[in-house]
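Text of run.tsv, listed as TSV, C-alpha atoms:
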chain	number	residue	atom	x	y	z
U	1	VAL	CA	-41.03	61.81	-17.90
U	2	ARG	CA	-42.50	58.96	-19.96
U	3	ARG	CA	-40.11	56.85	-21.96
U	4	ILE	CA	-41.42	54.98	-24.96
U	5	ALA	CA	-39.91	52.62	-27.51
U	6	VAL	CA	-41.60	50.74	-30.33
U	7	ALA	CA	-40.91	47.33	-31.88
U	8	LEU	CA	-42.08	45.99	-35.24
U	9	LEU	CA	-42.17	42.20	-35.37
U	10	HIS	CA	-41.74	40.08	-38.50
U	11	TYR	CA	-41.93	36.84	-36.47
U	12	PRO	CA	-44.00	35.32	-34.95
U	13	VAL	CA	-46.85	36.94	-36.87
U	14	LEU	CA	-49.90	35.51	-38.59
U	15	ASP	CA	-50.70	35.06	-42.25
U	16	ARG	CA	-54.22	35.48	-43.60
U	17	ALA	CA	-55.02	31.87	-42.69
U	18	GLY	CA	-54.01	32.45	-39.08
U	19	GLN	CA	-50.78	30.45	-39.31
U	20	GLU	CA	-47.49	31.66	-37.86
U	21	VAL	CA	-45.12	33.00	-40.49
U	22	THR	CA	-42.07	35.19	-40.93
U	23	THR	CA	-42.69	38.23	-43.12
U	24	ALA	CA	-40.17	40.08	-45.27
U	25	ILE	CA	-38.88	43.55	-44.48
U	26	THR	CA	-40.85	46.38	-46.13
U	27	ASN	CA	-38.62	49.40	-46.68
U	28	LEU	CA	-41.37	51.93	-45.96
U	29	ASP	CA	-42.15	50.23	-42.63
U	30	VAL	CA	-38.66	51.23	-41.55
U	31	HIS	CA	-38.97	54.81	-42.80
U	32	ASP	CA	-42.58	55.59	-41.93
U	33	ILE	CA	-42.62	54.18	-38.42
U	34	ALA	CA	-39.21	55.72	-37.69
U	35	ARG	CA	-40.48	59.13	-38.79
U	36	SER	CA	-43.77	58.83	-36.91
U	37	ALA	CA	-42.07	57.52	-33.76
U	38	TYR	CA	-39.44	60.25	-33.75
U	39	SER	CA	-42.05	62.95	-34.41
U	40	TYR	CA	-44.02	61.76	-31.35
U	41	GLY	CA	-41.02	61.65	-29.02
U	42	ILE	CA	-40.49	57.87	-29.05
U	43	GLU	CA	-36.85	57.18	-28.22
U	44	ARG	CA	-36.05	53.91	-29.95
U	45	TYR	CA	-37.50	51.87	-32.81
U	46	PHE	CA	-36.61	48.18	-32.84
U	47	VAL	CA	-37.00	46.43	-36.17
U	48	VAL	CA	-37.24	42.77	-35.17
U	49	HIS	CA	-36.36	40.01	-37.64
U	50	PRO	CA	-35.07	36.46	-37.03
U	51	ILE	CA	-33.19	36.17	-40.35
U	52	ASP	CA	-29.67	37.57	-40.49
U	53	ALA	CA	-29.81	38.61	-44.17
U	54	GLN	CA	-32.97	40.61	-43.51
U	55	ARG	CA	-31.38	42.32	-40.51
U	56	ARG	CA	-28.36	43.23	-42.64
U	57	LEU	CA	-30.71	44.76	-45.23
U	58	VAL	CA	-32.23	47.05	-42.61
U	59	GLU	CA	-28.76	47.89	-41.33
U	60	ARG	CA	-27.74	48.99	-44.83
U	61	VAL	CA	-30.87	51.12	-45.17
U	62	ARG	CA	-30.19	52.69	-41.78
U	63	GLU	CA	-26.54	53.47	-42.59
U	64	HIS	CA	-27.49	55.00	-45.95
U	65	TRP	CA	-29.59	57.59	-44.14
U	66	VAL	CA	-27.51	58.04	-40.99
U	67	SER	CA	-24.01	58.27	-42.46
U	68	GLY	CA	-24.23	57.59	-46.21
U	69	ALA	CA	-25.49	59.37	-49.30
U	70	GLY	CA	-29.03	59.64	-47.99
U	71	ARG	CA	-27.87	61.89	-45.18
U	72	LEU	CA	-26.60	64.41	-47.72
U	73	ARG	CA	-29.74	64.29	-49.81
U	74	ILE	CA	-32.31	64.48	-46.96
U	75	PRO	CA	-30.48	65.55	-43.78
U	76	ASP	CA	-33.68	65.52	-41.69
U	77	ARG	CA	-33.99	61.77	-42.18
U	78	GLN	CA	-30.86	60.99	-40.14
U	79	PHE	CA	-32.63	61.65	-36.83
U	80	PRO	CA	-35.49	59.16	-37.13
U	81	MET	CA	-33.29	56.62	-38.91
U	82	GLY	CA	-30.71	57.00	-36.17
U	83	SER	CA	-33.30	55.75	-33.67
U	84	VAL	CA	-33.66	52.45	-35.59
U	85	GLU	CA	-32.12	49.36	-33.96
U	86	ILE	CA	-32.10	45.94	-35.57
U	87	VAL	CA	-32.59	42.92	-33.29
U	88	SER	CA	-33.41	39.22	-33.63
U	89	ASP	CA	-36.41	38.81	-31.37
U	90	LEU	CA	-38.76	40.60	-29.01
U	91	ALA	CA	-36.84	39.42	-25.94
U	92	GLU	CA	-33.72	41.18	-27.23
U	93	ALA	CA	-35.65	44.39	-27.88
U	94	HIS	CA	-37.24	44.23	-24.44
U	95	ALA	CA	-33.96	43.51	-22.65
U	96	THR	CA	-32.25	46.36	-24.50
U	97	TRP	CA	-35.03	48.81	-23.65
U	98	SER	CA	-35.11	47.58	-20.01
U	99	ASP	CA	-31.38	48.12	-19.46
U	100	ASP	CA	-31.80	50.80	-16.77
U	101	HIS	CA	-35.44	50.28	-15.73
U	102	PRO	CA	-37.90	47.46	-16.51
U	103	ALA	CA	-40.18	48.34	-19.41
U	104	GLU	CA	-43.77	47.14	-19.80
U	105	ILE	CA	-44.74	45.43	-23.07
U	106	TRP	CA	-47.91	46.78	-24.67
U	107	THR	CA	-49.01	44.79	-27.70
U	108	THR	CA	-51.35	46.02	-30.44
U	109	SER	CA	-54.01	44.31	-32.51
U	110	ALA	CA	-56.79	45.17	-34.94
U	111	ALA	CA	-58.95	42.52	-33.29
U	112	SER	CA	-61.14	43.37	-30.34
U	113	GLY	CA	-62.19	41.15	-27.48
U	114	GLY	CA	-60.37	40.11	-24.36
U	115	ASP	CA	-58.97	42.42	-21.73
U	116	VAL	CA	-57.79	45.40	-23.74
U	117	LEU	CA	-56.46	48.76	-22.60
U	118	ALA	CA	-58.61	51.67	-23.77
U	119	HIS	CA	-56.72	54.49	-25.45
U	120	ALA	CA	-57.82	57.11	-22.91
U	121	GLU	CA	-56.60	54.96	-20.04
U	122	ALA	CA	-53.37	54.19	-21.88
U	123	ARG	CA	-52.79	57.90	-22.38
U	124	GLY	CA	-53.26	58.46	-18.66
U	125	LEU	CA	-50.86	55.68	-17.71
U	126	LEU	CA	-48.22	57.15	-20.02
U	127	ARG	CA	-48.46	60.44	-18.14
U	128	GLU	CA	-47.58	58.83	-14.81
U	129	ALA	CA	-44.08	59.35	-13.47
U	130	GLY	CA	-41.63	56.63	-14.44
U	131	ALA	CA	-43.74	55.13	-17.20
U	132	LYS	CA	-41.55	53.04	-19.45
U	133	VAL	CA	-43.22	51.09	-22.22
U	134	LEU	CA	-42.40	49.11	-25.35
U	135	PHE	CA	-45.21	49.27	-27.95
U	136	VAL	CA	-45.24	46.13	-30.12
U	137	PHE	CA	-46.74	46.02	-33.63
U	138	GLY	CA	-46.98	43.04	-35.96
U	139	THR	CA	-46.58	42.84	-39.73
U	140	GLY	CA	-48.62	40.45	-41.88
U	141	TRP	CA	-52.01	39.74	-40.32
U	142	GLY	CA	-50.83	40.79	-36.86
U	143	LEU	CA	-48.99	39.41	-33.84
U	144	ALA	CA	-49.23	35.72	-32.97
U	145	PRO	CA	-51.23	34.98	-29.79
U	146	ARG	CA	-48.07	33.90	-27.96
U	147	VAL	CA	-46.72	37.45	-28.32
U	148	HIS	CA	-49.83	38.88	-26.68
U	149	ALA	CA	-49.39	36.26	-23.93
U	150	LYS	CA	-46.03	37.83	-23.04
U	151	SER	CA	-47.38	41.38	-22.87
U	152	THR	CA	-48.16	43.50	-19.83
U	153	ARG	CA	-51.17	45.02	-21.59
U	154	ARG	CA	-52.85	44.75	-24.95
U	155	LEU	CA	-54.02	48.02	-26.49
U	156	ALA	CA	-57.58	48.35	-27.75
U	157	PRO	CA	-57.90	48.35	-31.54
U	158	ILE	CA	-58.60	51.49	-33.51
U	159	PRO	CA	-62.38	51.23	-33.91
U	160	SER	CA	-64.03	51.23	-37.29
U	161	VAL	CA	-66.37	54.10	-38.17
U	162	ARG	CA	-67.96	52.18	-41.03
U	163	PRO	CA	-71.41	50.55	-40.70
U	164	ASP	CA	-69.88	47.39	-42.21
U	165	GLY	CA	-67.05	47.45	-39.66
U	166	TYR	CA	-64.32	47.43	-42.32
U	167	ASN	CA	-61.04	48.25	-40.61
U	168	HIS	CA	-57.95	47.21	-42.53
U	169	LEU	CA	-55.35	49.88	-41.87
U	170	SER	CA	-51.71	49.33	-42.79
U	171	VAL	CA	-49.39	48.87	-39.81
U	172	ARG	CA	-47.80	52.19	-40.83
U	173	ALA	CA	-51.16	53.98	-40.59
U	174	ALA	CA	-52.22	52.19	-37.40
U	175	ALA	CA	-48.95	53.08	-35.67
U	176	ALA	CA	-49.28	56.75	-36.67
U	177	ILE	CA	-52.85	56.93	-35.36
U	178	LEU	CA	-51.98	55.21	-32.07
U	179	PHE	CA	-48.99	57.49	-31.50
U	180	ASP	CA	-51.27	60.49	-32.06
U	181	ARG	CA	-53.99	59.16	-29.75
U	182	LEU	CA	-51.62	58.12	-26.96
U	183	LEU	CA	-48.84	60.70	-27.24
U	184	GLY	CA	-50.24	63.53	-29.37
U	185	ASN	CA	-50.54	67.08	-28.23
U	186	PRO	CA	-52.95	68.33	-27.03
U	187	ALA	CA	-55.19	65.81	-25.30
U	188	CYS	CA	-56.88	63.80	-27.99
U	189	VAL	CA	-58.29	60.77	-26.27
U	190	SER	CA	-60.96	58.26	-26.88
U	191	GLU	CA	-63.21	56.34	-24.54
U	192	MET	CA	-63.74	53.70	-27.21
U	193	PRO	CA	-67.38	52.95	-26.30
U	194	ARG	CA	-67.98	50.85	-29.38
U	195	PRO	CA	-65.03	48.59	-30.09
U	196	PHE	CA	-65.17	46.92	-33.44
U	197	GLU	CA	-65.94	43.22	-33.35
U	198	GLY	CA	-64.37	41.82	-36.43
U	199	SER	CA	-61.49	40.59	-38.44
U	200	PRO	CA	-57.88	41.50	-37.71
R	1	VAL	CA	-74.53	62.94	-44.04
R	2	ARG	CA	-71.03	64.19	-44.69
R	3	ARG	CA	-69.43	63.23	-47.98
R	4	ILE	CA	-65.67	63.18	-48.21
R	5	ALA	CA	-63.16	62.44	-50.95
R	6	VAL	CA	-59.39	62.72	-50.87
R	7	ALA	CA	-56.86	63.65	-53.55
R	8	LEU	CA	-53.11	62.98	-53.58
R	9	LEU	CA	-51.22	65.39	-55.83
R	10	HIS	CA	-47.92	64.63	-57.60
R	11	TYR	CA	-47.96	68.02	-59.35
R	12	PRO	CA	-47.62	70.88	-58.58
R	13	VAL	CA	-45.72	70.01	-55.41
R	14	LEU	CA	-42.48	71.32	-53.94
R	15	ASP	CA	-39.06	69.72	-53.75
R	16	ARG	CA	-36.78	70.25	-50.76
R	17	ALA	CA	-35.51	73.51	-52.29
R	18	GLY	CA	-39.04	74.88	-52.58
R	19	GLN	CA	-39.22	74.51	-56.37
R	20	GLU	CA	-42.25	73.10	-58.17
R	21	VAL	CA	-41.72	69.53	-59.34
R	22	THR	CA	-43.60	66.44	-60.44
R	23	THR	CA	-43.03	63.44	-58.17
R	24	ALA	CA	-43.20	59.76	-59.12
R	25	ILE	CA	-45.95	57.41	-57.99
R	26	THR	CA	-45.16	55.51	-54.76
R	27	ASN	CA	-47.03	52.21	-54.69
R	28	LEU	CA	-47.67	52.30	-50.96
R	29	ASP	CA	-49.21	55.78	-51.24
R	30	VAL	CA	-51.91	54.17	-53.36
R	31	HIS	CA	-52.47	51.26	-50.96
R	32	ASP	CA	-52.08	52.97	-47.60
R	33	ILE	CA	-54.19	56.04	-48.30
R	34	ALA	CA	-56.84	53.91	-50.04
R	35	ARG	CA	-57.03	51.63	-46.98
R	36	SER	CA	-57.08	54.52	-44.49
R	37	ALA	CA	-59.63	56.48	-46.51
R	38	TYR	CA	-61.96	53.51	-46.91
R	39	SER	CA	-61.65	52.59	-43.23
R	40	TYR	CA	-62.73	56.12	-42.27
R	41	GLY	CA	-65.72	56.22	-44.63
R	42	ILE	CA	-64.15	58.39	-47.34
R	43	GLU	CA	-65.95	57.66	-50.59
R	44	ARG	CA	-63.38	58.33	-53.29
R	45	TYR	CA	-59.59	58.58	-53.51
R	46	PHE	CA	-58.21	60.51	-56.47
R	47	VAL	CA	-54.59	59.77	-57.36
R	48	VAL	CA	-53.59	62.85	-59.37
R	49	HIS	CA	-50.71	62.68	-61.85
R	50	PRO	CA	-50.07	64.74	-65.02
R	51	ILE	CA	-48.07	62.03	-66.83
R	52	ASP	CA	-50.01	59.41	-68.77
R	53	ALA	CA	-47.53	56.57	-68.16
R	54	GLN	CA	-47.71	57.14	-64.41
R	55	ARG	CA	-51.50	57.16	-64.51
R	56	ARG	CA	-51.45	53.88	-66.42
R	57	LEU	CA	-49.17	52.41	-63.74
R	58	VAL	CA	-51.71	53.24	-61.03
R	59	GLU	CA	-54.49	51.87	-63.20
R	60	ARG	CA	-52.64	48.54	-63.48
R	61	VAL	CA	-52.12	48.43	-59.70
R	62	ARG	CA	-55.80	49.18	-59.16
R	63	GLU	CA	-56.96	46.50	-61.60
R	64	HIS	CA	-54.64	43.90	-60.04
R	65	TRP	CA	-56.43	44.32	-56.72
R	66	VAL	CA	-59.97	44.98	-57.98
R	67	SER	CA	-60.30	42.31	-60.66
R	68	GLY	CA	-56.92	40.57	-61.04
R	69	ALA	CA	-54.81	38.11	-59.08
R	70	GLY	CA	-54.55	40.41	-56.06
R	71	ARG	CA	-58.30	40.13	-55.50
R	72	LEU	CA	-57.97	36.38	-55.08
R	73	ARG	CA	-54.99	36.66	-52.76
R	74	ILE	CA	-56.32	39.44	-50.48
R	75	PRO	CA	-60.06	39.83	-51.15
R	76	ASP	CA	-60.43	42.62	-48.57
R	77	ARG	CA	-58.18	44.88	-50.63
R	78	GLN	CA	-60.68	45.15	-53.49
R	79	PHE	CA	-62.90	47.57	-51.57
R	80	PRO	CA	-60.36	50.32	-50.83
R	81	MET	CA	-58.65	49.86	-54.18
R	82	GLY	CA	-62.02	50.08	-55.90
R	83	SER	CA	-62.38	53.61	-54.50
R	84	VAL	CA	-59.20	54.72	-56.31
R	85	GLU	CA	-59.66	56.97	-59.34
R	86	ILE	CA	-56.81	58.17	-61.51
R	87	VAL	CA	-57.02	61.73	-62.87
R	88	SER	CA	-54.72	64.29	-64.51
R	89	ASP	CA	-55.12	67.33	-62.30
R	90	LEU	CA	-56.87	68.71	-59.24
R	91	ALA	CA	-59.51	70.44	-61.38
R	92	GLU	CA	-60.54	67.08	-62.82
R	93	ALA	CA	-60.75	65.52	-59.34
R	94	HIS	CA	-62.77	68.45	-58.05
R	95	ALA	CA	-65.13	68.49	-61.02
R	96	THR	CA	-65.69	64.74	-60.72
R	97	TRP	CA	-66.38	64.97	-56.99
R	98	SER	CA	-68.65	68.02	-57.51
R	99	ASP	CA	-70.85	66.31	-60.11
R	100	ASP	CA	-74.05	66.42	-58.04
R	101	HIS	CA	-73.17	69.07	-55.42
R	102	PRO	CA	-70.26	71.55	-55.23
R	103	ALA	CA	-67.45	70.27	-53.00
R	104	GLU	CA	-65.18	72.47	-50.91
R	105	ILE	CA	-61.43	72.01	-51.34
R	106	TRP	CA	-59.52	71.62	-48.05
R	107	THR	CA	-55.76	71.56	-48.53
R	108	THR	CA	-53.22	70.19	-46.04
R	109	SER	CA	-49.73	71.28	-45.07
R	110	ALA	CA	-47.10	70.51	-42.45
R	111	ALA	CA	-46.31	74.22	-42.29
R	112	SER	CA	-48.14	76.49	-39.90
R	113	GLY	CA	-48.97	80.15	-40.30
R	114	GLY	CA	-51.68	81.89	-42.27
R	115	ASP	CA	-55.40	81.37	-41.86
R	116	VAL	CA	-55.67	77.68	-41.05
R	117	LEU	CA	-58.67	75.61	-40.01
R	118	ALA	CA	-58.22	74.02	-36.56
R	119	HIS	CA	-58.97	70.30	-36.42
R	120	ALA	CA	-61.73	70.68	-33.83
R	121	GLU	CA	-63.49	73.26	-35.99
R	122	ALA	CA	-62.97	71.11	-39.08
R	123	ARG	CA	-64.53	68.17	-37.31
R	124	GLY	CA	-67.55	70.29	-36.43
R	125	LEU	CA	-67.98	71.54	-40.00
R	126	LEU	CA	-67.89	67.97	-41.29
R	127	ARG	CA	-70.80	67.10	-39.00
R	128	GLU	CA	-73.04	69.78	-40.55
R	129	ALA	CA	-75.73	68.64	-42.94
R	130	GLY	CA	-74.68	68.66	-46.58
R	131	ALA	CA	-70.95	68.91	-45.95
R	132	LYS	CA	-69.06	67.86	-49.07
R	133	VAL	CA	-65.31	68.20	-49.05
R	134	LEU	CA	-62.25	67.17	-51.03
R	135	PHE	CA	-59.16	66.79	-48.82
R	136	VAL	CA	-55.96	67.48	-50.79
R	137	PHE	CA	-52.55	66.11	-49.82
R	138	GLY	CA	-49.22	66.73	-51.54
R	139	THR	CA	-46.32	64.35	-52.15
R	140	GLY	CA	-42.67	65.52	-52.08
R	141	TRP	CA	-42.24	68.51	-49.76
R	142	GLY	CA	-45.92	69.39	-49.93
R	143	LEU	CA	-48.41	71.27	-52.07
R	144	ALA	CA	-47.29	74.27	-54.12
R	145	PRO	CA	-48.67	77.61	-52.85
R	146	ARG	CA	-50.88	77.95	-55.92
R	147	VAL	CA	-52.76	74.83	-54.85
R	148	HIS	CA	-53.51	76.37	-51.45
R	149	ALA	CA	-54.62	79.53	-53.29
R	150	LYS	CA	-57.39	77.49	-54.95
R	151	SER	CA	-58.65	75.96	-51.72
R	152	THR	CA	-61.74	76.81	-49.69
R	153	ARG	CA	-59.84	76.15	-46.44
R	154	ARG	CA	-56.39	75.05	-45.40
R	155	LEU	CA	-56.23	72.56	-42.53
R	156	ALA	CA	-53.95	73.24	-39.58
R	157	PRO	CA	-50.83	71.07	-39.49
R	158	ILE	CA	-50.44	68.16	-37.09
R	159	PRO	CA	-48.50	69.85	-34.28
R	160	SER	CA	-45.16	68.55	-33.12
R	161	VAL	CA	-44.86	67.25	-29.56
R	162	ARG	CA	-41.06	67.48	-29.59
R	163	PRO	CA	-39.20	70.33	-27.87
R	164	ASP	CA	-37.15	70.73	-31.08
R	165	GLY	CA	-40.32	70.93	-33.15
R	166	TYR	CA	-39.29	68.04	-35.42
R	167	ASN	CA	-42.34	67.05	-37.43
R	168	HIS	CA	-41.57	65.09	-40.59
R	169	LEU	CA	-44.37	62.59	-41.00
R	170	SER	CA	-44.84	60.70	-44.24
R	171	VAL	CA	-47.91	61.74	-46.23
R	172	ARG	CA	-49.27	58.25	-45.53
R	173	ALA	CA	-48.96	58.80	-41.75
R	174	ALA	CA	-50.24	62.39	-41.87
R	175	ALA	CA	-53.31	61.36	-43.86
R	176	ALA	CA	-54.10	58.54	-41.39
R	177	ILE	CA	-53.79	60.89	-38.40
R	178	LEU	CA	-55.94	63.60	-39.99
R	179	PHE	CA	-58.64	61.08	-40.95
R	180	ASP	CA	-58.68	59.87	-37.34
R	181	ARG	CA	-58.81	63.41	-35.91
R	182	LEU	CA	-61.50	64.68	-38.29
R	183	LEU	CA	-63.56	61.56	-38.93
R	184	GLY	CA	-62.65	59.09	-36.19
R	185	ASN	CA	-65.08	57.64	-33.74
R	186	PRO	CA	-65.65	58.75	-31.02
R	187	ALA	CA	-64.95	62.45	-30.69
R	188	CYS	CA	-61.20	62.91	-30.67
R	189	VAL	CA	-60.57	66.56	-31.33
R	190	SER	CA	-57.84	69.06	-30.84
R	191	GLU	CA	-57.92	72.76	-30.14
R	192	MET	CA	-54.38	73.07	-31.48
R	193	PRO	CA	-53.27	75.77	-28.99
R	194	ARG	CA	-49.62	75.47	-29.93
R	195	PRO	CA	-49.15	75.17	-33.66
R	196	PHE	CA	-45.67	74.25	-34.68
R	197	GLU	CA	-43.71	77.04	-36.36
R	198	GLY	CA	-41.21	75.32	-38.55
R	199	SER	CA	-40.25	73.52	-41.67
R	200	PRO	CA	-42.71	71.70	-43.92

Represent the structure of the file as structure tokens.
Amino acid sequence: VRRIAVALLHYPVLDRAGQEVTTAITNLDVHDIARSAYSYGIERYFVVHPIDAQRRLVERVREHWVSGAGRLRIPDRQFPMGSVEIVSDLAEAHATWSDDHPAEIWTTSAASGGDVLAHAEARGLLREAGAKVLFVFGTGWGLAPRVHAKSTRRLAPIPSVRPDGYNHLSVRAAAAILFDRLLGNPACVSEMPRPFEGSP
Amino acid sequence: VRRIAVALLHYPVLDRAGQEVTTAITNLDVHDIARSAYSYGIERYFVVHPIDAQRRLVERVREHWVSGAGRLRIPDRQFPMGSVEIVSDLAEAHATWSDDHPAEIWTTSAASGGDVLAHAEARGLLREAGAKVLFVFGTGWGLAPRVHAKSTRRLAPIPSVRPDGYNHLSVRAAAAILFDRLLGNPACVSEMPRPFEGSP
């Protein structure tokens, strides 16, 4: 059976000028991606941040929903929030997820070009026995190139349907759509014949 | 050519006990659904709230990104935020969107059962000439039954892939997935053979 985890990076990611930056934690990134991941059968969600105070913030949010007052108010939320793990860098997430079997790293990007993995092919690979993958998403203006350089594969972007090519989804929306395309039931795949050439 | 608008209702929606309530504006509901809608070629996004102070809040957010400091900081955001319209109730959204041609109302729900429109069929209907539709999403625990009673069609839920049927997506994630299933390029459709029977 396929085994999937997801990581959300806050460093190294790009700002709008293409420079490497560290972004701040967005509370709804924790909630929304946890809920989407859990709903699609993803086992673990690594929130990755290099700054200790930011990691402690996510830990407090997690505890509120897993064992604190939030659990009483919205009991359903404890399951996705319980899958959240807070780590310092991608290497730590990857090592943790590879503890019993080496996991591939599949990065994501809104930019096309290069050797990308089409969604239909990705879906097929995830149905093979023993598949174990870590999906990696970036905050800000997306993952720094050196993150893609460490990946096993880079997923094709979600293509724009607009004539002007506009394609600026939030990372929360992009993650939900990719989970549905790659893991959704029933088969809902895309051959991606017309990848969008454009901005990230 | 198909013409689509989307409405996000804050009243009448349900709370977790199934009672009708009015929910507060969530800033990222405005941003995320505006960005997803615009990226998928949806023309207008009606944020629907019965309370004047809440409508003014959304108006200030919109203006910040369309003509204020936000436009300078992230110019790309002006286009989706420019498609945001703030109205008092669903009737006002529907009347506005029906100004030149009557629009159908398609409601959404995470609950299955009843006479729902499968996503594959919905996608086909949206490819017919002259299709004009208003998608309606609810905040909180979803749209009140009396909203569904006013709809032309009710869309099938996004089915769970989990053995336990867990399916608690945020409205931001659910909207993104439905836009991709119904409007995404290329054909990515679902026959929905196994609708999830469960909680909203």

Check: which chain U residues lie within 10 Å of chain R using only C-alpha atoms, as a ChimeraX atom specification:
/U:16,28,31-42,73-74,76-77,79-80,158-181,183-195

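A straight line drawn from CA of His94 (chain R) to CA of Val47 (chain R) is 11.9 Å long.
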
If we count all atoms listed in the file, what is near region 52-57 of chain U at a cut-off of 7 Å, once residues fewer than 3 positions away on the same chain are taken out, given as a PDB file with C-alpha atoms, in the coordinates of the input?
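Written file, part-v9.pdb:
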ATOM      1  CA  ILE U  25     -38.880  43.550 -44.480  1.00  0.00           C
ATOM      2  CA  HIS U  49     -36.360  40.010 -37.640  1.00  0.00           C
ATOM      3  CA  ARG U  60     -27.740  48.990 -44.830  1.00  0.00           C
ATOM      4  CA  VAL U  61     -30.870  51.120 -45.170  1.00  0.00           C
ATOM      5  CA  ILE U  86     -32.100  45.940 -35.570  1.00  0.00           C
TER       6      ILE U  86
END

Would you mind listing what lies within 12 Å of Ile105 (chain U) as a PDB file with C-alpha atoms, keeping the file's coordinate frame, with all atoms listed in the file counted and same-chain residues fewer than 5 positions away left out?
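Okay, part03.pdb is ready:
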ATOM      1  CA  ILE U   4     -41.420  54.980 -24.960  1.00  0.00           C
ATOM      2  CA  ALA U   5     -39.910  52.620 -27.510  1.00  0.00           C
ATOM      3  CA  VAL U   6     -41.600  50.740 -30.330  1.00  0.00           C
ATOM      4  CA  ALA U   7     -40.910  47.330 -31.880  1.00  0.00           C
ATOM      5  CA  LEU U  90     -38.760  40.600 -29.010  1.00  0.00           C
ATOM      6  CA  ALA U  91     -36.840  39.420 -25.940  1.00  0.00           C
ATOM      7  CA  ALA U  93     -35.650  44.390 -27.880  1.00  0.00           C
ATOM      8  CA  HIS U  94     -37.240  44.230 -24.440  1.00  0.00           C
ATOM      9  CA  ALA U  95     -33.960  43.510 -22.650  1.00  0.00           C
ATOM     10  CA  TRP U  97     -35.030  48.810 -23.650  1.00  0.00           C
ATOM     11  CA  SER U  98     -35.110  47.580 -20.010  1.00  0.00           C
ATOM     12  CA  ALA U 131     -43.740  55.130 -17.200  1.00  0.00           C
ATOM     13  CA  LYS U 132     -41.550  53.040 -19.450  1.00  0.00           C
ATOM     14  CA  VAL U 133     -43.220  51.090 -22.220  1.00  0.00           C
ATOM     15  CA  LEU U 134     -42.400  49.110 -25.350  1.00  0.00           C
ATOM     16  CA  PHE U 135     -45.210  49.270 -27.950  1.00  0.00           C
ATOM     17  CA  VAL U 136     -45.240  46.130 -30.120  1.00  0.00           C
ATOM     18  CA  PHE U 137     -46.740  46.020 -33.630  1.00  0.00           C
ATOM     19  CA  VAL U 147     -46.720  37.450 -28.320  1.00  0.00           C
ATOM     20  CA  HIS U 148     -49.830  38.880 -26.680  1.00  0.00           C
ATOM     21  CA  ALA U 149     -49.390  36.260 -23.930  1.00  0.00           C
ATOM     22  CA  LYS U 150     -46.030  37.830 -23.040  1.00  0.00           C
ATOM     23  CA  SER U 151     -47.380  41.380 -22.870  1.00  0.00           C
ATOM     24  CA  THR U 152     -48.160  43.500 -19.830  1.00  0.00           C
ATOM     25  CA  ARG U 153     -51.170  45.020 -21.590  1.00  0.00           C
ATOM     26  CA  ARG U 154     -52.850  44.750 -24.950  1.00  0.00           C
ATOM     27  CA  LEU U 155     -54.020  48.020 -26.490  1.00  0.00           C
TER      28      LEU U 155
END

One-decimal distance in Å that lies between CA of Pro145 (chain U) and CA of Ala110 (chain U):
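Spanning CA of Ala110 (chain U) to CA of Pro145 (chain U) is a straight-line distance of 12.7 Å.
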
Surrounding residues of region 63-65 of chain R excluding itself and chain neighbours under 4 positions, 9 Å, only C-alpha atoms, as a PyMOL selection string
chain R and resi 58-59+69-75+77-79+81-82

Within 8 Å of Trp141 (chain R) using all atoms listed in the file, minus same-chain residues under 4 positions, as a PyMOL selection string
chain R and resi 13-16+18+200

Need the axis-aligned box for region 55-62 of chain R with 5 Å each side, so what are the centre and edges in Å to one decimal, as lines of an AutoDock Vina configuration file?
center_x = -52.5
center_y = 52.8
center_z = -62.8
size_x = 16.6
size_y = 18.7
size_z = 17.3

Coordinates-based distance that separates CA of Thr23 (chain R) from CA of Pro50 (chain R) (Å, one decimal):
9.9 Å

List as a ChimeraX atom specification the residues having at least one atom at most 8 Å from position (-58.4, 42.1, -28.6) as given in the file, counting only C-alpha atoms.
/U:109-116,154-157

Every residue with an atom at most 10 Å from (-40.8, 58.9, -56.4) (file coordinates; all atoms listed in the file) is what I'm after, so could you write them as a PyMOL selection string?
chain R and resi 10+22-27+139-140
